[in-house]
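The file target-v9.cif comes next; it holds mmCIF, C-alpha atoms and all ligand atoms.
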data_start
#
loop_
_atom_site.group_PDB
_atom_site.id
_atom_site.type_symbol
_atom_site.label_atom_id
_atom_site.label_comp_id
_atom_site.auth_asym_id
_atom_site.auth_seq_id
_atom_site.Cartn_x
_atom_site.Cartn_y
_atom_site.Cartn_z
ATOM 1 C CA MET K 1 0.000 0.000 0.000
ATOM 2 C CA PRO K 2 1.391 3.491 -0.835
ATOM 3 C CA ARG K 3 2.101 5.813 2.046
ATOM 4 C CA GLY K 4 -0.628 8.346 2.767
ATOM 5 C CA LEU K 5 0.203 12.010 2.338
ATOM 6 C CA TRP K 6 -1.463 15.170 3.637
ATOM 7 C CA ILE K 7 -1.038 18.444 1.749
ATOM 8 C CA THR K 8 -2.680 21.702 2.806
ATOM 9 C CA PHE K 9 -2.976 24.988 0.902
ATOM 10 C CA GLU K 10 -2.863 28.295 2.740
ATOM 11 C CA GLY K 11 -2.937 31.951 1.774
ATOM 12 C CA GLY K 12 -5.159 34.995 1.883
ATOM 13 C CA ASP K 13 -8.535 35.130 0.175
ATOM 14 C CA GLY K 14 -8.009 35.347 -3.596
ATOM 15 C CA SER K 15 -4.498 33.821 -3.608
ATOM 16 C CA GLY K 16 -5.420 30.937 -5.946
ATOM 17 C CA LYS K 17 -5.446 28.001 -3.504
ATOM 18 C CA THR K 18 -8.357 26.154 -5.066
ATOM 19 C CA THR K 19 -6.940 26.402 -8.604
ATOM 20 C CA GLN K 20 -3.618 24.959 -7.478
ATOM 21 C CA ALA K 21 -5.211 22.277 -5.315
ATOM 22 C CA GLU K 22 -7.237 21.074 -8.327
ATOM 23 C CA LEU K 23 -4.161 20.996 -10.597
ATOM 24 C CA LEU K 24 -2.287 18.970 -7.997
ATOM 25 C CA ARG K 25 -5.197 16.575 -7.647
ATOM 26 C CA ALA K 26 -5.201 15.913 -11.397
ATOM 27 C CA TRP K 27 -1.437 15.270 -11.382
ATOM 28 C CA CYS K 28 -1.598 12.869 -8.425
ATOM 29 C CA GLU K 29 -4.495 10.969 -10.023
ATOM 30 C CA GLN K 30 -2.584 10.699 -13.309
ATOM 31 C CA ARG K 31 0.139 9.013 -11.304
ATOM 32 C CA GLY K 32 -2.409 6.446 -10.153
ATOM 33 C CA ARG K 33 -2.938 7.792 -6.633
ATOM 34 C CA ARG K 34 -6.288 8.071 -4.882
ATOM 35 C CA VAL K 35 -6.959 11.630 -3.793
ATOM 36 C CA VAL K 36 -9.372 13.064 -1.246
ATOM 37 C CA ARG K 37 -10.077 16.741 -2.008
ATOM 38 C CA THR K 38 -11.396 18.566 0.998
ATOM 39 C CA ARG K 39 -11.441 21.898 2.787
ATOM 40 C CA GLU K 40 -11.921 23.759 6.052
ATOM 41 C CA PRO K 41 -14.293 25.009 7.101
ATOM 42 C CA GLY K 42 -16.884 22.644 5.659
ATOM 43 C CA GLY K 43 -15.240 19.301 4.834
ATOM 44 C CA THR K 44 -17.969 17.293 6.606
ATOM 45 C CA GLU K 45 -21.728 17.521 7.022
ATOM 46 C CA VAL K 46 -21.374 19.031 10.510
ATOM 47 C CA GLY K 47 -18.654 21.253 9.080
ATOM 48 C CA ARG K 48 -20.966 22.634 6.400
ATOM 49 C CA THR K 49 -23.341 23.824 9.117
ATOM 50 C CA ILE K 50 -20.441 25.418 10.987
ATOM 51 C CA ARG K 51 -19.185 26.999 7.740
ATOM 52 C CA GLU K 52 -22.554 28.631 7.191
ATOM 53 C CA ILE K 53 -22.389 30.175 10.680
ATOM 54 C CA VAL K 54 -18.797 31.426 10.614
ATOM 55 C CA LEU K 55 -18.940 32.812 7.093
ATOM 56 C CA HIS K 56 -22.498 34.059 6.769
ATOM 57 C CA HIS K 57 -24.121 34.620 10.183
ATOM 58 C CA ARG K 58 -25.429 38.182 10.217
ATOM 59 C CA GLY K 59 -25.198 39.045 13.923
ATOM 60 C CA ASP K 60 -22.110 39.412 16.086
ATOM 61 C CA ILE K 61 -19.857 36.406 16.772
ATOM 62 C CA GLY K 62 -17.139 37.017 19.383
ATOM 63 C CA ALA K 63 -13.537 36.319 18.345
ATOM 64 C CA ARG K 64 -13.196 33.412 20.792
ATOM 65 C CA ALA K 65 -16.468 31.860 19.671
ATOM 66 C CA GLU K 66 -15.296 32.172 16.061
ATOM 67 C CA ALA K 67 -11.993 30.444 16.912
ATOM 68 C CA LEU K 68 -13.861 27.633 18.682
ATOM 69 C CA LEU K 69 -16.200 27.132 15.736
ATOM 70 C CA PHE K 70 -13.249 26.732 13.342
ATOM 71 C CA ALA K 71 -11.603 24.365 15.833
ATOM 72 C CA ALA K 72 -14.779 22.280 16.167
ATOM 73 C CA ASP K 73 -15.036 21.970 12.383
ATOM 74 C CA ARG K 74 -11.347 20.963 12.257
ATOM 75 C CA SER K 75 -11.619 18.362 14.990
ATOM 76 C CA HIS K 76 -14.493 16.524 13.341
ATOM 77 C CA HIS K 77 -12.911 16.824 9.893
ATOM 78 C CA VAL K 78 -9.565 15.349 10.914
ATOM 79 C CA ARG K 79 -11.163 12.500 12.845
ATOM 80 C CA THR K 80 -13.714 11.490 10.233
ATOM 81 C CA VAL K 81 -12.157 12.437 6.861
ATOM 82 C CA VAL K 82 -8.421 13.215 6.943
ATOM 83 C CA SER K 83 -7.000 10.571 9.274
ATOM 84 C CA PRO K 84 -8.981 7.665 7.783
ATOM 85 C CA ALA K 85 -7.881 8.640 4.246
ATOM 86 C CA ILE K 86 -4.225 8.814 5.228
ATOM 87 C CA GLU K 87 -4.519 5.447 6.958
ATOM 88 C CA ARG K 88 -5.906 4.017 3.690
ATOM 89 C CA GLY K 89 -2.736 5.257 1.933
ATOM 90 C CA GLU K 90 -4.498 8.066 0.060
ATOM 91 C CA ILE K 91 -3.416 11.640 -0.646
ATOM 92 C CA VAL K 92 -5.423 14.341 1.104
ATOM 93 C CA ILE K 93 -5.349 17.702 -0.690
ATOM 94 C CA GLN K 94 -6.995 20.294 1.489
ATOM 95 C CA ASP K 95 -7.837 23.998 1.278
ATOM 96 C CA ARG K 96 -6.880 25.593 4.634
ATOM 97 C CA TYR K 97 -6.033 24.062 7.996
ATOM 98 C CA LEU K 98 -4.773 25.224 11.391
ATOM 99 C CA ASP K 99 -2.433 27.838 9.913
ATOM 100 C CA SER K 100 -5.573 29.692 8.749
ATOM 101 C CA SER K 101 -6.782 29.878 12.344
ATOM 102 C CA VAL K 102 -3.387 31.030 13.598
ATOM 103 C CA ALA K 103 -3.232 33.779 10.940
ATOM 104 C CA TYR K 104 -6.899 34.921 10.947
ATOM 105 C CA GLN K 105 -8.021 34.382 14.557
ATOM 106 C CA GLY K 106 -4.633 34.339 16.297
ATOM 107 C CA ALA K 107 -2.928 37.269 14.583
ATOM 108 C CA ALA K 108 -5.514 39.318 12.680
ATOM 109 C CA ARG K 109 -8.205 39.008 15.395
ATOM 110 C CA ASP K 110 -5.590 39.353 18.116
ATOM 111 C CA LEU K 111 -6.357 36.197 20.124
ATOM 112 C CA GLY K 112 -2.677 35.229 20.161
ATOM 113 C CA PRO K 113 -1.078 32.895 17.598
ATOM 114 C CA ASP K 114 0.284 30.458 20.184
ATOM 115 C CA GLU K 115 -3.022 30.072 22.030
ATOM 116 C CA VAL K 116 -4.944 29.496 18.815
ATOM 117 C CA ARG K 117 -2.411 26.973 17.557
ATOM 118 C CA GLU K 118 -2.648 25.084 20.863
ATOM 119 C CA LEU K 119 -6.442 25.087 20.617
ATOM 120 C CA SER K 120 -6.315 23.528 17.145
ATOM 121 C CA LEU K 121 -3.689 20.991 18.157
ATOM 122 C CA TRP K 122 -5.850 19.989 21.113
ATOM 123 C CA ALA K 123 -8.857 19.670 18.801
ATOM 124 C CA THR K 124 -7.002 17.394 16.392
ATOM 125 C CA GLU K 125 -4.775 15.518 18.856
ATOM 126 C CA GLY K 126 -1.702 17.126 17.333
ATOM 127 C CA ALA K 127 -2.295 16.379 13.643
ATOM 128 C CA LEU K 128 -0.022 18.313 11.250
ATOM 129 C CA PRO K 129 0.225 18.060 7.438
ATOM 130 C CA ASP K 130 3.288 16.681 5.611
ATOM 131 C CA VAL K 131 3.406 19.680 3.258
ATOM 132 C CA THR K 132 1.784 23.105 3.515
ATOM 133 C CA VAL K 133 1.833 25.294 0.402
ATOM 134 C CA LEU K 134 1.588 29.004 1.221
ATOM 135 C CA LEU K 135 0.490 31.096 -1.755
ATOM 136 C CA ASP K 136 1.771 34.504 -0.787
ATOM 137 C CA LEU K 137 0.097 37.530 -2.345
ATOM 138 C CA ASP K 138 -0.022 41.231 -1.621
ATOM 139 C CA PRO K 139 -3.494 41.867 -0.090
ATOM 140 C CA GLY K 140 -4.159 44.680 -2.599
ATOM 141 C CA ALA K 141 -3.667 42.306 -5.545
ATOM 142 C CA ALA K 142 -5.787 39.663 -3.795
ATOM 143 C CA ARG K 143 -8.616 42.154 -3.299
ATOM 144 C CA ALA K 144 -8.529 43.061 -7.009
ATOM 145 C CA ARG K 145 -8.960 39.341 -7.846
ATOM 146 C CA LEU K 146 -11.898 38.995 -5.443
ATOM 147 C CA ASP K 147 -13.540 42.138 -6.852
ATOM 148 C CA ALA K 148 -13.188 40.729 -10.369
ATOM 149 C CA ASP K 149 -14.954 37.513 -9.218
ATOM 150 C CA ASP K 150 -18.084 39.522 -8.476
ATOM 151 C CA LYS K 151 -19.212 37.251 -5.558
ATOM 152 C CA PRO K 152 -20.549 38.752 -2.298
ATOM 153 C CA PHE K 153 -17.850 38.903 0.416
ATOM 154 C CA ASP K 154 -18.150 36.589 3.427
ATOM 155 C CA ARG K 155 -17.599 37.806 7.038
ATOM 156 C CA LEU K 156 -13.820 37.446 6.848
ATOM 157 C CA GLU K 157 -13.329 38.669 3.298
ATOM 158 C CA ALA K 158 -15.267 41.793 4.273
ATOM 159 C CA GLU K 159 -12.626 42.756 6.867
ATOM 160 C CA LYS K 160 -10.514 45.859 6.211
ATOM 161 C CA ALA K 161 -7.164 45.998 4.385
ATOM 162 C CA ASP K 162 -5.248 46.141 7.674
ATOM 163 C CA PHE K 163 -6.764 42.801 8.753
ATOM 164 C CA HIS K 164 -5.585 41.120 5.551
ATOM 165 C CA ALA K 165 -2.116 42.638 5.874
ATOM 166 C CA ARG K 166 -1.905 41.067 9.355
ATOM 167 C CA VAL K 167 -3.021 37.712 7.958
ATOM 168 C CA ARG K 168 -0.257 37.837 5.368
ATOM 169 C CA ASP K 169 2.464 38.759 7.873
ATOM 170 C CA ALA K 170 1.341 35.995 10.217
ATOM 171 C CA TYR K 171 1.499 33.396 7.444
ATOM 172 C CA LEU K 172 5.034 34.449 6.509
ATOM 173 C CA ARG K 173 6.118 34.141 10.152
ATOM 174 C CA LEU K 174 4.575 30.679 10.397
ATOM 175 C CA ALA K 175 6.407 29.572 7.269
ATOM 176 C CA ALA K 176 9.711 30.940 8.596
ATOM 177 C CA ASP K 177 9.186 28.995 11.845
ATOM 178 C CA GLU K 178 8.533 25.675 10.075
ATOM 179 C CA PRO K 179 10.578 25.676 6.858
ATOM 180 C CA GLY K 180 10.429 21.875 6.661
ATOM 181 C CA ARG K 181 6.630 21.794 6.349
ATOM 182 C CA PHE K 182 6.028 24.995 4.348
ATOM 183 C CA LEU K 183 6.606 25.701 0.676
ATOM 184 C CA VAL K 184 6.162 29.459 0.126
ATOM 185 C CA LEU K 185 5.383 30.558 -3.423
ATOM 186 C CA ASP K 186 4.740 33.944 -4.982
ATOM 187 C CA ALA K 187 1.061 33.745 -5.960
ATOM 188 C CA SER K 188 1.525 36.395 -8.659
ATOM 189 C CA LEU K 189 3.624 33.969 -10.764
ATOM 190 C CA PRO K 190 1.947 32.249 -13.738
ATOM 191 C CA VAL K 191 -0.392 29.410 -12.709
ATOM 192 C CA ASP K 192 1.692 26.758 -14.541
ATOM 193 C CA GLU K 193 4.901 27.801 -12.883
ATOM 194 C CA ILE K 194 3.370 27.651 -9.407
ATOM 195 C CA ALA K 195 1.884 24.235 -10.214
ATOM 196 C CA SER K 196 5.219 22.872 -11.351
ATOM 197 C CA ARG K 197 6.998 24.003 -8.169
ATOM 198 C CA ILE K 198 4.297 22.368 -6.072
ATOM 199 C CA ARG K 199 4.676 19.112 -8.030
ATOM 200 C CA ASP K 200 8.448 19.170 -7.470
ATOM 201 C CA ARG K 201 7.933 19.353 -3.718
ATOM 202 C CA VAL K 202 5.192 16.722 -3.613
ATOM 203 C CA ALA K 203 7.184 14.353 -5.862
ATOM 204 C CA SER K 204 9.847 14.153 -3.169
ATOM 205 C CA HIS K 205 7.203 12.676 -0.828
ATOM 206 C CA ILE K 206 5.580 10.081 -3.104
HETATM 207 P P1 LIG E 1 -12.448 29.760 2.095
HETATM 208 O O1 LIG E 1 -13.186 28.478 2.123
HETATM 209 O O2 LIG E 1 -11.047 29.760 1.567
HETATM 210 O O3 LIG E 1 -13.328 30.838 1.350
HETATM 211 P P2 LIG E 1 -13.672 30.895 -0.200
HETATM 212 O O4 LIG E 1 -14.154 29.541 -0.607
HETATM 213 O O5 LIG E 1 -14.713 31.963 -0.242
HETATM 214 O O6 LIG E 1 -12.380 31.275 -0.861
HETATM 215 O O7 LIG E 1 -12.319 30.321 3.579
HETATM 216 C C1 LIG E 1 -13.322 30.904 4.216
HETATM 217 C C2 LIG E 1 -12.839 32.000 5.131
HETATM 218 O O8 LIG E 1 -12.623 31.480 6.439
HETATM 219 C C3 LIG E 1 -11.557 32.688 4.719
HETATM 220 O O9 LIG E 1 -11.777 34.092 4.730
HETATM 221 C C4 LIG E 1 -10.583 32.351 5.809
HETATM 222 C C5 LIG E 1 -11.445 32.016 6.985
HETATM 223 N N1 LIG E 1 -10.875 31.057 7.942
HETATM 224 C C6 LIG E 1 -10.524 31.503 9.207
HETATM 225 O O10 LIG E 1 -10.652 32.683 9.540
HETATM 226 N N2 LIG E 1 -10.026 30.596 10.109
HETATM 227 C C7 LIG E 1 -9.866 29.277 9.807
HETATM 228 O O11 LIG E 1 -9.417 28.476 10.653
HETATM 229 C C8 LIG E 1 -10.247 28.833 8.486
HETATM 230 C C9 LIG E 1 -10.105 27.385 8.112
HETATM 231 C C10 LIG E 1 -10.742 29.766 7.586
#

Show this structure as structure tokens.
Amino acid sequence: MPRGLWITFEGGDGSGKTTQAELLRAWCEQRGRRVVRTREPGGTEVGRTIREIVLHHRGDIGARAEALLFAADRSHHVRTVVSPAIERGEIVIQDRYLDSSVAYQGAARDLGPDEVRELSLWATEGALPDVTVLLDLDPGAARARLDADDKPFDRLEAEKADFHARVRDAYLRLAADEPGRFLVLDASLPVDEIASRIRDRVASHI
């Protein structure tokens, strides 16, 4: 049985995570691997209910409650989707994981990166991906991409420019702290070039 592998994609809103995750899925499948494509929040049925609350609830949600909702989604997702797939020897390709919580809730919402990371690690019994791809993009360029998409903003996308600048800085610090897990790529490069660099990194694991 092939070894299971867990790859997560991180980056600000509009950095191209989903496009790259789909290209990587196609490449892994061409190589004969089984792939589970998933995301947080919302990778399970319970998670889809939580996603609806954290992204679209109209009233106030306190920062700690928001962090706990993301952690609850994550806990159930890892236990019921991610870990079983890895145990079956499959490749999990996932949009967002705990680094999103550390950057958005820990840094941008000011709850404290270390506390939020500990919360997520408690929720998932310490689960960490093999590879985390950070698509780094200037928040101004990301906003232009989102505007061009013409979709209504969710609660987090609607935050001010300063919030997104803090998210970006936090991600870059996380990547500097864990160079073995992170692959940082300039999200303004051509799509094909980014995809090929991601494949190079993943190929060394499979
Ligand atoms: P995402 O699914 O990437 O949104 P979209 O499909 O619209 O691109 O992420 C939803 C939002 O949730 C995004 O703004 C980041 C935020 N988020 C957090 O704040 N904390 C978290 O732990 C996660 C997983 C996401």

Can you pull out every residue within 10 Å of Leu23 of chain K, counting all atoms listed in the file, but drop anything in the same chain fewer than 2 positions away, and send it as a short mmCIF file (atom, residue, chain, number, x, y, z; two decimals) with C-alpha atoms, in the frame of the given file?
data_model
loop_
_atom_site.label_atom_id
_atom_site.label_comp_id
_atom_site.auth_asym_id
_atom_site.auth_seq_id
_atom_site.Cartn_x
_atom_site.Cartn_y
_atom_site.Cartn_z
CA THR K 18 -8.36 26.15 -5.07
CA THR K 19 -6.94 26.40 -8.60
CA GLN K 20 -3.62 24.96 -7.48
CA ALA K 21 -5.21 22.28 -5.32
CA ARG K 25 -5.20 16.58 -7.65
CA ALA K 26 -5.20 15.91 -11.40
CA TRP K 27 -1.44 15.27 -11.38
CA CYS K 28 -1.60 12.87 -8.43
CA VAL K 191 -0.39 29.41 -12.71
CA ASP K 192 1.69 26.76 -14.54
CA ALA K 195 1.88 24.24 -10.21
CA SER K 196 5.22 22.87 -11.35
CA ILE K 198 4.30 22.37 -6.07
CA ARG K 199 4.68 19.11 -8.03
#

Env of Ile86 of chain K: 8 Å cut, atoms = all atoms listed in the file, seq-sep filter 3 positions within chain, self excluded. Answer as a compact mmCIF listing (two decimals) with C-alpha atoms, in the coordinates of the input.
# COMPACT_ATOMS: atom_id res chain seq x y z
CA ARG K 3 2.10 5.81 2.05
CA GLY K 4 -0.63 8.35 2.77
CA LEU K 5 0.20 12.01 2.34
CA TRP K 6 -1.46 15.17 3.64
CA VAL K 82 -8.42 13.22 6.94
CA SER K 83 -7.00 10.57 9.27
CA GLY K 89 -2.74 5.26 1.93
CA GLU K 90 -4.50 8.07 0.06
CA ILE K 91 -3.42 11.64 -0.65
CA VAL K 92 -5.42 14.34 1.10

>> One number please: atom CA of His205 of chain K to atom C3 of ligand LIG 1 (chain E), in Å, one decimal.
In response: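 Taking atom CA of His205 of chain K as the start and atom C3 of ligand LIG 1 (chain E) as the end point, the length is 28.0 Å.
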
Return as JSON lines the residues of chain K lying at most 7 Å from ligand LIG 1 (chain E), together with the closest atom-to-atom pair for each and the distance in Å to one decimal, counting only C-alpha atoms and all ligand atoms, with rows in chain order and ascending residue number.
{"residue": "K:Asp13", "atom": "CA", "partner": "E:LIG1", "partner_atom": "O6", "distance": 5.5}
{"residue": "K:Gly14", "atom": "CA", "partner": "E:LIG1", "partner_atom": "O6", "distance": 6.6}
{"residue": "K:Arg39", "atom": "CA", "partner": "E:LIG1", "partner_atom": "O1", "distance": 6.8}
{"residue": "K:Glu40", "atom": "CA", "partner": "E:LIG1", "partner_atom": "C9", "distance": 4.5}
{"residue": "K:Pro41", "atom": "CA", "partner": "E:LIG1", "partner_atom": "C9", "distance": 4.9}
{"residue": "K:Leu55", "atom": "CA", "partner": "E:LIG1", "partner_atom": "C2", "distance": 6.5}
{"residue": "K:Phe70", "atom": "CA", "partner": "E:LIG1", "partner_atom": "O11", "distance": 5.0}
{"residue": "K:Ala71", "atom": "CA", "partner": "E:LIG1", "partner_atom": "O11", "distance": 7.0}
{"residue": "K:Asp95", "atom": "CA", "partner": "E:LIG1", "partner_atom": "O2", "distance": 6.6}
{"residue": "K:Arg96", "atom": "CA", "partner": "E:LIG1", "partner_atom": "C9", "distance": 5.1}
{"residue": "K:Tyr97", "atom": "CA", "partner": "E:LIG1", "partner_atom": "C9", "distance": 5.3}
{"residue": "K:Leu98", "atom": "CA", "partner": "E:LIG1", "partner_atom": "O11", "distance": 5.7}
{"residue": "K:Ser100", "atom": "CA", "partner": "E:LIG1", "partner_atom": "C7", "distance": 4.4}
{"residue": "K:Ser101", "atom": "CA", "partner": "E:LIG1", "partner_atom": "O11", "distance": 3.4}
{"residue": "K:Tyr104", "atom": "CA", "partner": "E:LIG1", "partner_atom": "O10", "distance": 4.6}
{"residue": "K:Gln105", "atom": "CA", "partner": "E:LIG1", "partner_atom": "O10", "distance": 5.9}
{"residue": "K:Asp154", "atom": "CA", "partner": "E:LIG1", "partner_atom": "O5", "distance": 6.8}
{"residue": "K:Leu156", "atom": "CA", "partner": "E:LIG1", "partner_atom": "O9", "distance": 4.5}
{"residue": "K:Glu157", "atom": "CA", "partner": "E:LIG1", "partner_atom": "O9", "distance": 5.0}

> For this file, the PyMOL selection byres (((chain K and resi 56) around 12) and not hetatm) selects which residues, as a ChimeraX atom specification?
Replying inline: /K:48-55,57-61,66,152-158

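Residues in contact with Val102 of chain K at up to 8 Å, not including ones fewer than 5 positions away on its chain and judged by all atoms listed in the file, are Ala107, Gly112, Pro113, Asp114, Val116, Arg117 and Ala170 of chain K.
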
> K:Val131, K:Ala65, K:Ile7, K:Leu172: which is nearest Thr38 of chain K, counting only C-alpha atoms?
Replying inline: K:Ile7

Excluding same-chain residues fewer than 5 positions from Asp136 of chain K, what lies within 12 Å of it counting only C-alpha atoms, as a tab-separated table (two decimals) with C-alpha atoms, in the coordinates of the input?
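Result file part-v5.tsv:
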chain	number	residue	atom	x	y	z
K	9	PHE	CA	-2.98	24.99	0.90
K	10	GLU	CA	-2.86	28.30	2.74
K	11	GLY	CA	-2.94	31.95	1.77
K	12	GLY	CA	-5.16	34.99	1.88
K	13	ASP	CA	-8.54	35.13	0.18
K	14	GLY	CA	-8.01	35.35	-3.60
K	15	SER	CA	-4.50	33.82	-3.61
K	16	GLY	CA	-5.42	30.94	-5.95
K	17	LYS	CA	-5.45	28.00	-3.50
K	141	ALA	CA	-3.67	42.31	-5.54
K	142	ALA	CA	-5.79	39.66	-3.80
K	164	HIS	CA	-5.58	41.12	5.55
K	165	ALA	CA	-2.12	42.64	5.87
K	167	VAL	CA	-3.02	37.71	7.96
K	168	ARG	CA	-0.26	37.84	5.37
K	169	ASP	CA	2.46	38.76	7.87
K	170	ALA	CA	1.34	35.99	10.22
K	171	TYR	CA	1.50	33.40	7.44
K	172	LEU	CA	5.03	34.45	6.51
K	173	ARG	CA	6.12	34.14	10.15
K	175	ALA	CA	6.41	29.57	7.27
K	182	PHE	CA	6.03	25.00	4.35
K	183	LEU	CA	6.61	25.70	0.68
K	184	VAL	CA	6.16	29.46	0.13
K	185	LEU	CA	5.38	30.56	-3.42
K	186	ASP	CA	4.74	33.94	-4.98
K	187	ALA	CA	1.06	33.74	-5.96
K	188	SER	CA	1.52	36.40	-8.66
K	189	LEU	CA	3.62	33.97	-10.76
K	194	ILE	CA	3.37	27.65	-9.41

How big is the axis-aligned box, and where does its centre sit, when it encloses all atoms of segment 98-112 of chain K listed in the file and has 3 Å added on every side, reported in Å to one decimal as lines of an AutoDock Vina configuration file?
center_x = -5.3
center_y = 32.3
center_z = 14.5
size_x = 11.8
size_y = 20.1
size_z = 17.4

>> Quick check, in Å to one decimal: how far apart do atom CA of Leu174 of chain K and atom CA of Ala148 of chain K lie?
In response: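 Here the two named atoms are 29.1 Å from each other.
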
> Which residue gives the smallest distance to Arg79 of chain K among K:Glu125, K:Glu193, K:Asp110, K:Glu118, with all atoms listed in the file counted?
Replying inline: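 Of K:Glu125, K:Glu193, K:Asp110, K:Glu118, the one nearest Arg79 of chain K, counting all atoms listed in the file, is K:Glu125.
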